[in-house]
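A.B. asks: So I've got this file, structure-v2.txt, and it contains compact mmCIF, C-alpha atoms:
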```
# COMPACT_ATOMS: atom_id res chain seq x y z
CA MET C 6 -27.27 -17.14 -16.66
CA GLU C 7 -30.69 -15.56 -15.99
CA LYS C 8 -29.74 -15.19 -12.31
CA TYR C 9 -26.61 -13.23 -13.17
CA ALA C 10 -28.37 -11.17 -15.81
CA LYS C 11 -30.77 -10.04 -13.09
CA ILE C 12 -27.86 -9.13 -10.80
CA LEU C 13 -26.17 -7.22 -13.61
CA GLY C 14 -29.41 -5.30 -14.10
CA GLY C 15 -28.88 -3.95 -10.59
CA VAL C 16 -25.77 -2.10 -11.77
CA TRP C 17 -26.76 1.51 -12.45
CA HIS C 18 -25.26 1.50 -15.94
CA PHE C 19 -27.43 -1.37 -17.15
CA ARG C 20 -30.68 -0.70 -15.32
CA HIS C 21 -32.57 0.50 -18.43
CA LEU C 22 -31.85 -2.62 -20.48
CA LYS C 23 -34.40 -5.36 -21.09
CA PRO C 24 -33.93 -8.86 -19.58
CA ASN C 25 -33.04 -10.39 -22.97
CA ASP C 26 -30.43 -7.67 -23.55
CA LEU C 27 -28.95 -8.26 -20.10
CA LEU C 28 -28.74 -11.99 -20.84
CA THR C 29 -26.91 -11.23 -24.09
CA ILE C 30 -24.47 -8.96 -22.24
CA VAL C 31 -23.76 -11.56 -19.54
CA SER C 32 -23.19 -14.19 -22.22
CA SER C 33 -20.65 -11.88 -23.89
CA GLY C 34 -18.41 -11.99 -20.82
CA GLN C 35 -17.20 -14.62 -18.38
CA LEU C 36 -18.11 -15.54 -14.82
CA LYS C 37 -14.92 -15.93 -12.79
CA HIS C 38 -14.37 -17.22 -9.25
CA PHE C 39 -11.42 -16.06 -7.15
CA ARG C 40 -10.36 -17.46 -3.80
CA LYS C 41 -9.50 -15.19 -0.89
CA ASP C 42 -6.06 -13.53 -1.35
CA ALA C 43 -5.98 -14.35 -5.07
CA ILE C 44 -4.65 -11.68 -7.46
CA ILE C 45 -7.39 -10.91 -9.98
CA PHE C 46 -5.07 -8.86 -12.19
CA GLN C 47 -1.77 -7.02 -11.89
CA GLU C 48 -0.96 -3.37 -12.41
CA SER C 49 0.65 -2.49 -15.77
CA GLU C 50 -0.16 -5.87 -17.32
CA PRO C 51 -2.32 -6.04 -20.48
CA GLY C 52 -5.83 -4.81 -19.81
CA ALA C 53 -7.97 -7.40 -18.04
CA GLY C 54 -11.18 -5.66 -19.07
CA MET C 55 -14.11 -4.54 -16.96
CA PHE C 56 -15.26 -6.55 -13.96
CA VAL C 57 -18.52 -6.51 -12.02
CA LEU C 58 -18.29 -7.91 -8.50
CA PHE C 59 -21.27 -10.16 -7.75
CA SER C 60 -20.09 -11.41 -4.35
CA GLY C 61 -17.08 -11.00 -2.05
CA MET C 62 -14.76 -8.02 -1.63
CA VAL C 63 -11.88 -6.66 -3.70
CA HIS C 64 -9.06 -4.26 -2.89
CA LEU C 65 -7.65 -2.08 -5.67
CA CYS C 66 -4.02 -1.21 -4.85
CA LYS C 67 -0.86 0.46 -6.08
CA HIS C 68 2.55 -0.93 -5.11
CA SER C 69 5.75 1.10 -4.86
CA LEU C 70 9.17 -0.24 -5.81
CA ASP C 71 10.07 -0.62 -2.13
CA GLY C 72 6.97 -2.74 -1.46
CA GLN C 73 4.70 -0.15 0.14
CA VAL C 74 1.03 -0.59 -0.68
CA GLN C 75 -1.53 2.15 -1.21
CA LEU C 76 -5.14 1.04 -1.05
CA LEU C 77 -7.08 3.01 -3.66
CA SER C 78 -10.50 1.43 -3.33
CA VAL C 79 -12.54 -1.20 -1.52
CA VAL C 80 -15.02 -2.77 -3.95
CA GLU C 81 -18.16 -4.47 -2.65
CA PRO C 82 -21.13 -5.94 -4.58
CA VAL C 83 -22.59 -4.98 -6.96
CA ILE C 84 -20.05 -2.54 -8.40
CA MET C 85 -17.92 -2.50 -11.54
CA PHE C 86 -14.18 -1.91 -11.55
CA ASN C 87 -11.31 -1.62 -14.04
CA GLU C 88 -13.82 -0.22 -16.54
CA VAL C 89 -11.17 2.12 -17.96
CA THR C 90 -9.42 -0.82 -19.69
CA ALA C 91 -12.69 -1.80 -21.37
CA ILE C 92 -12.89 1.74 -22.72
CA ASP C 93 -9.33 2.39 -23.90
CA GLY C 94 -7.86 -1.13 -24.14
CA GLY C 95 -4.82 0.00 -22.13
CA THR C 96 -2.94 -1.69 -19.32
CA ASN C 97 -4.39 -2.23 -15.85
CA PRO C 98 -3.98 0.97 -13.79
CA PHE C 99 -3.78 -0.92 -10.47
CA THR C 100 -3.67 -4.39 -8.92
CA ALA C 101 -6.91 -6.09 -7.83
CA ILE C 102 -6.83 -8.56 -4.92
CA ALA C 103 -9.70 -10.70 -3.66
CA VAL C 104 -9.88 -10.19 0.12
CA LYS C 105 -12.81 -12.61 0.34
CA ASP C 106 -13.92 -15.41 -1.97
CA CYS C 107 -15.28 -13.57 -5.01
CA LEU C 108 -17.58 -14.15 -7.94
CA THR C 109 -17.10 -11.68 -10.77
CA TRP C 110 -18.31 -11.06 -14.30
CA ASN C 111 -15.60 -9.96 -16.72
CA ILE C 112 -15.74 -8.54 -20.24
CA ARG C 113 -12.71 -7.76 -22.38
CA TYR C 114 -12.08 -4.66 -24.47
CA GLU C 115 -12.98 -6.23 -27.82
CA SER C 116 -16.23 -7.77 -26.56
CA PHE C 117 -17.18 -4.56 -24.77
CA GLU C 118 -16.63 -2.52 -27.93
CA THR C 119 -18.91 -4.93 -29.83
CA LEU C 120 -21.61 -4.54 -27.16
CA VAL C 121 -21.42 -0.74 -27.23
CA ARG C 122 -21.91 -0.79 -30.97
CA ARG C 123 -24.85 -3.16 -30.56
CA TYR C 124 -26.44 -1.15 -27.73
CA PRO C 125 -25.59 2.49 -28.51
CA ASP C 126 -27.61 3.72 -25.53
CA PRO C 127 -26.14 7.08 -24.48
CA ALA C 128 -27.36 6.45 -20.93
CA ILE C 129 -24.77 3.68 -20.51
CA GLY C 130 -21.93 5.86 -21.77
CA LEU C 131 -23.00 8.81 -19.64
CA ALA C 132 -23.29 6.60 -16.56
CA MET C 133 -19.77 5.28 -17.08
CA LEU C 134 -18.49 8.83 -17.51
CA ARG C 135 -20.12 9.73 -14.18
CA VAL C 136 -18.36 6.82 -12.48
CA LEU C 137 -15.02 7.88 -13.96
CA ALA C 138 -15.67 11.48 -12.87
CA ILE C 139 -16.46 10.41 -9.30
CA ARG C 140 -13.33 8.29 -9.10
CA THR C 141 -11.21 11.09 -10.57
CA ARG C 142 -12.48 13.45 -7.86
CA LEU C 143 -11.70 10.88 -5.17
CA LEU C 144 -8.18 10.36 -6.52
CA LEU C 145 -7.63 14.13 -6.54
CA ASP C 146 -8.81 14.16 -2.94
CA ARG C 147 -6.22 11.47 -2.15
CA CYS C 148 -3.53 13.56 -3.84
CA GLU C 149 -4.54 16.54 -1.69
CA ASP C 150 -4.30 14.39 1.44
CA LEU C 151 -0.80 13.19 0.59
CA SER C 152 0.38 16.67 -0.38
CA PHE C 153 -1.06 18.75 2.45
CA ARG C 154 -2.18 16.56 5.36
CA PRO C 155 0.23 14.95 7.84
CA VAL C 156 -0.33 11.35 8.93
CA LEU C 157 -2.32 12.35 12.02
CA ALA C 158 -4.74 14.40 9.90
CA ARG C 159 -5.07 11.59 7.35
CA THR C 160 -5.73 9.13 10.15
CA ALA C 161 -8.47 11.34 11.59
CA LYS C 162 -10.01 11.76 8.14
CA ILE C 163 -10.11 8.05 7.32
CA ILE C 164 -11.73 7.07 10.61
CA ILE C 165 -14.33 9.82 10.17
CA GLU C 166 -15.13 8.36 6.74
CA LEU C 167 -15.19 4.73 7.87
CA SER C 168 -17.37 5.53 10.90
CA ASN C 169 -19.96 7.39 8.81
CA ASN C 170 -19.07 10.69 10.49
CA GLY C 171 -18.82 9.11 13.92
CA LEU C 172 -22.22 7.42 13.83
CA GLU C 173 -20.95 3.83 13.62
CA PRO C 174 -18.08 1.93 15.26
CA ILE C 175 -15.26 0.74 13.00
CA ASP C 176 -14.78 -3.03 13.06
CA ARG C 177 -11.04 -3.57 13.45
CA PHE C 178 -11.26 -7.07 12.03
CA GLN C 179 -12.78 -5.69 8.85
CA TYR C 180 -10.31 -2.79 8.79
CA PRO C 181 -6.99 -4.03 10.23
CA ILE C 182 -4.08 -1.67 10.76
CA LYS C 183 -2.34 -2.71 7.54
CA ASP C 184 -5.44 -1.82 5.48
CA LEU C 185 -5.92 1.50 7.26
CA ALA C 186 -2.26 2.31 6.64
CA ALA C 187 -2.55 1.38 2.96
CA SER C 188 -5.64 3.61 2.67
CA ILE C 189 -3.66 6.69 3.62
CA ALA C 190 -0.30 5.71 2.07
CA THR C 191 1.67 5.22 5.27
CA VAL C 192 3.11 2.34 7.28
CA PRO C 193 1.26 0.48 10.08
CA GLU C 194 3.57 1.86 12.78
CA SER C 195 2.68 5.46 11.86
CA ILE C 196 -1.08 4.94 11.94
CA SER C 197 -0.78 3.00 15.21
CA ARG C 198 0.97 5.99 16.78
CA SER C 199 -1.73 8.31 15.44
CA LEU C 200 -4.54 6.15 16.85
CA SER C 201 -2.76 6.01 20.21
CA ARG C 202 -2.46 9.80 20.30
CA LEU C 203 -6.13 10.31 19.39
CA SER C 204 -7.11 7.80 22.05
CA GLU C 205 -4.89 9.41 24.72
CA ASP C 206 -6.44 12.79 23.90
CA GLY C 207 -9.91 11.33 24.44
CA LEU C 208 -11.11 11.87 20.87
CA ILE C 209 -11.64 8.18 20.14
CA SER C 210 -12.09 4.92 21.99
CA CYS C 211 -9.73 2.35 20.51
CA THR C 212 -10.05 -1.26 21.64
CA ARG C 213 -8.90 -4.54 20.16
CA ASP C 214 -12.28 -4.99 18.47
CA GLN C 215 -13.40 -1.53 17.39
CA ILE C 216 -12.72 2.18 17.06
CA MET C 217 -15.42 4.59 18.25
CA ILE C 218 -15.34 8.34 17.78
CA LEU C 219 -16.06 10.25 21.00
CA ARG C 220 -15.49 13.90 20.05
CA ILE C 221 -16.27 14.33 16.38
CA GLU C 222 -15.93 18.13 16.10
CA GLU C 223 -12.38 18.08 17.43
CA LEU C 224 -11.59 15.24 15.08
CA TYR C 225 -12.83 17.34 12.14
CA GLU C 226 -10.34 20.02 13.16
CA ILE C 227 -7.46 17.56 13.26
CA ALA C 228 -8.53 16.10 9.91
CA GLN C 229 -8.52 19.65 8.49
CA VAL C 230 -11.96 19.27 6.97
CA ALA C 231 -15.33 20.95 7.44
CA SER C 232 -18.04 18.64 8.73
CA GLU C 233 -20.40 19.53 5.88
CA LEU C 234 -17.80 18.36 3.34
CA MET C 235 -17.51 14.86 4.77
CA GLY C 236 -19.67 12.35 2.97
CA ASP C 237 -19.41 8.82 1.65
CA SER C 238 -16.01 9.43 0.18
CA VAL C 239 -14.42 6.04 0.74
CA LEU C 240 -13.86 4.35 -2.59
```
Could you render the structure as structure tokens?
C.D. replies:
Amino acid sequence: MEKYAKILGGVWHFRHLKPNDLLTIVSSGQLKHFRKDAIIFQESEPGAGMFVLFSGMVHLCKHSLDGQVQLLSVVEPVIMFNEVTAIDGGTNPFTAIAVKDCLTWNIRYESFETLVRRYPDPAIGLAMLRVLAIRTRLLLDRCEDLSFRPVLARTAKIIIELSNNGLEPIDRFQYPIKDLAASIATVPESISRSLSRLSEDGLISCTRDQIMILRIEELYEIAQVASELMGDSVL
């Protein structure tokens, strides 16, 4: 448990706590392993509590009635997720899927409430509020994309984000078409057409293995964003 207490101490919210306190917190939750493609929890089911991802990768998704998937967030270590259910005890706001073998730490609403009462450190509460604020802003940004940007613009925007503003190639094995489509709430055929158009116009190089941005300023125009506003905005 000491090993995992140390890892948990790397999470911003818990960084001020002493080793013994971190050990107590880890002992209050459960370590859970999930195989690749396993569903960690389902949207609208009773709250699964807060998770911290120690290893692997998790996709947080919404599913429509007709089966379309929207990818809300890609979670990589060491980050917490589903913390809202540990705060309000409500249902899960999305579905979490392990896209790699995962090791997580999980704490339920009741246990979390007990811990907060035991460690009434305002820094923890404020840090969680900051995380919720950041995610709220990102979700509002997604709403703006869906309301005002056509698929081509959303495609340009997501590849700008994933390429770190054109500085790095995008690994197509890590980000397959279906995941890119889910990230911008469209279908794979639509994003494939958008990538083909951007490639034909010479703005990107799109091979089987990677996507490389060639003309970033023109891509900003298509994405309908100012270059200074683009940061690490991928969830």
A.B. asks: For Val104 (chain C), which of C:Arg220, C:Arg140, C:His21, C:Arg40 is the closest residue, counting only C-alpha atoms?
C.D. replies: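 Of all the options, C:Arg40 lies closest to Val104 (chain C).
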A.B. asks: Can you tell me which residues surround region 61-73 of chain C at a distance of at most 6 Å, considering all atoms listed in the file, apart from same-chain residues fewer than 3 positions away, and format the answer as a VMD selection string?
C.D. replies: chain C and resid 76 to 81 99 to 107
A.B. asks: Might you pull out every residue within 7 Å of region 182-191 of chain C, with all atoms listed in the file counted and same-chain residues fewer than 3 positions away left off, and present them as a VMD selection string?
C.D. replies: chain C and resid 74 to 77 159 195 to 196
A.B. asks: Give the answer as one residue: which of C:Cys148, C:Val156, C:Ile216, C:Ile12 has the shortest atom-to-atom distance to Pro181 (chain C), using all atoms listed in the file?
C.D. replies: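 Once distances to Pro181 (chain C) are computed over all atoms listed in the file, the minimum belongs to C:Ile216.
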A.B. asks: Applying 8 Å and only C-alpha atoms, which residues near region 108-116 of chain C remain after dropping the ones on its own chain fewer than 6 positions away? List them as a list in words.
C.D. replies: Val31, Ser33, Gly34, Gln35, Leu36, Lys37, His38, Phe39, Gly52, Ala53, Gly54, Met55, Phe56, Val57, Leu58, Phe59, Ser60, Gly61, Thr90, Ala91, Ile92, Asp93 and Gly94 of chain C
A.B. asks: List the neighbours of Thr212 (chain C) out to 12 Å using all atoms listed in the file; skip same-chain residues closer than 4 positions along the sequence, and give me the result as a VMD selection string.
C.D. replies: chain C and resid 174 to 178 200 to 201 204 216 to 218
A.B. asks: May I ask for the distance between CA of Asp146 (chain C) and CA of Glu166 (chain C), given in Å to one decimal place?
C.D. replies: 12.9 Å
A.B. asks: Of the candidates C:Ser49, C:Ser210, C:Asn97, C:Thr141, which shows the shortest atom-to-atom distance to Gly171 (chain C), using only C-alpha atoms?
C.D. replies: C:Ser210
A.B. asks: Take CA of Pro98 (chain C) and CA of Ile84 (chain C) and report the distance between them in Å, one decimal.
C.D. replies: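 Interatomic distance, CA of Pro98 (chain C) to CA of Ile84 (chain C): 17.3 Å.
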A.B. asks: Tell me, in Å to one decimal, how far CA of Ser199 (chain C) is from CA of Leu157 (chain C).
C.D. replies: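 That distance, rounded to one decimal, is 5.3 Å.
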A.B. asks: Check the smallest atom-to-atom distance from each of C:Met85, C:Val192, C:Leu27, C:Ile227 to Asp206 (chain C) using only C-alpha atoms, then report the winner.
C.D. replies: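 For Asp206 (chain C), the nearest of the candidates is C:Ile227.
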A.B. asks: Around the point (-28.8, -4.0, -13.7) (coordinates from the file), which residues reach within 12 Å if we count all atoms listed in the file? Answer as a ChimeraX atom specification.
C.D. replies: /C:7-24,26-28,30-31,57,59,83-85,129
A.B. asks: Quick one: of C:Cys211, C:Pro51, C:Thr29, C:Asn170, who's nearest to Phe117 (chain C), counting only C-alpha atoms?
C.D. replies: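 Closest candidate: C:Thr29.
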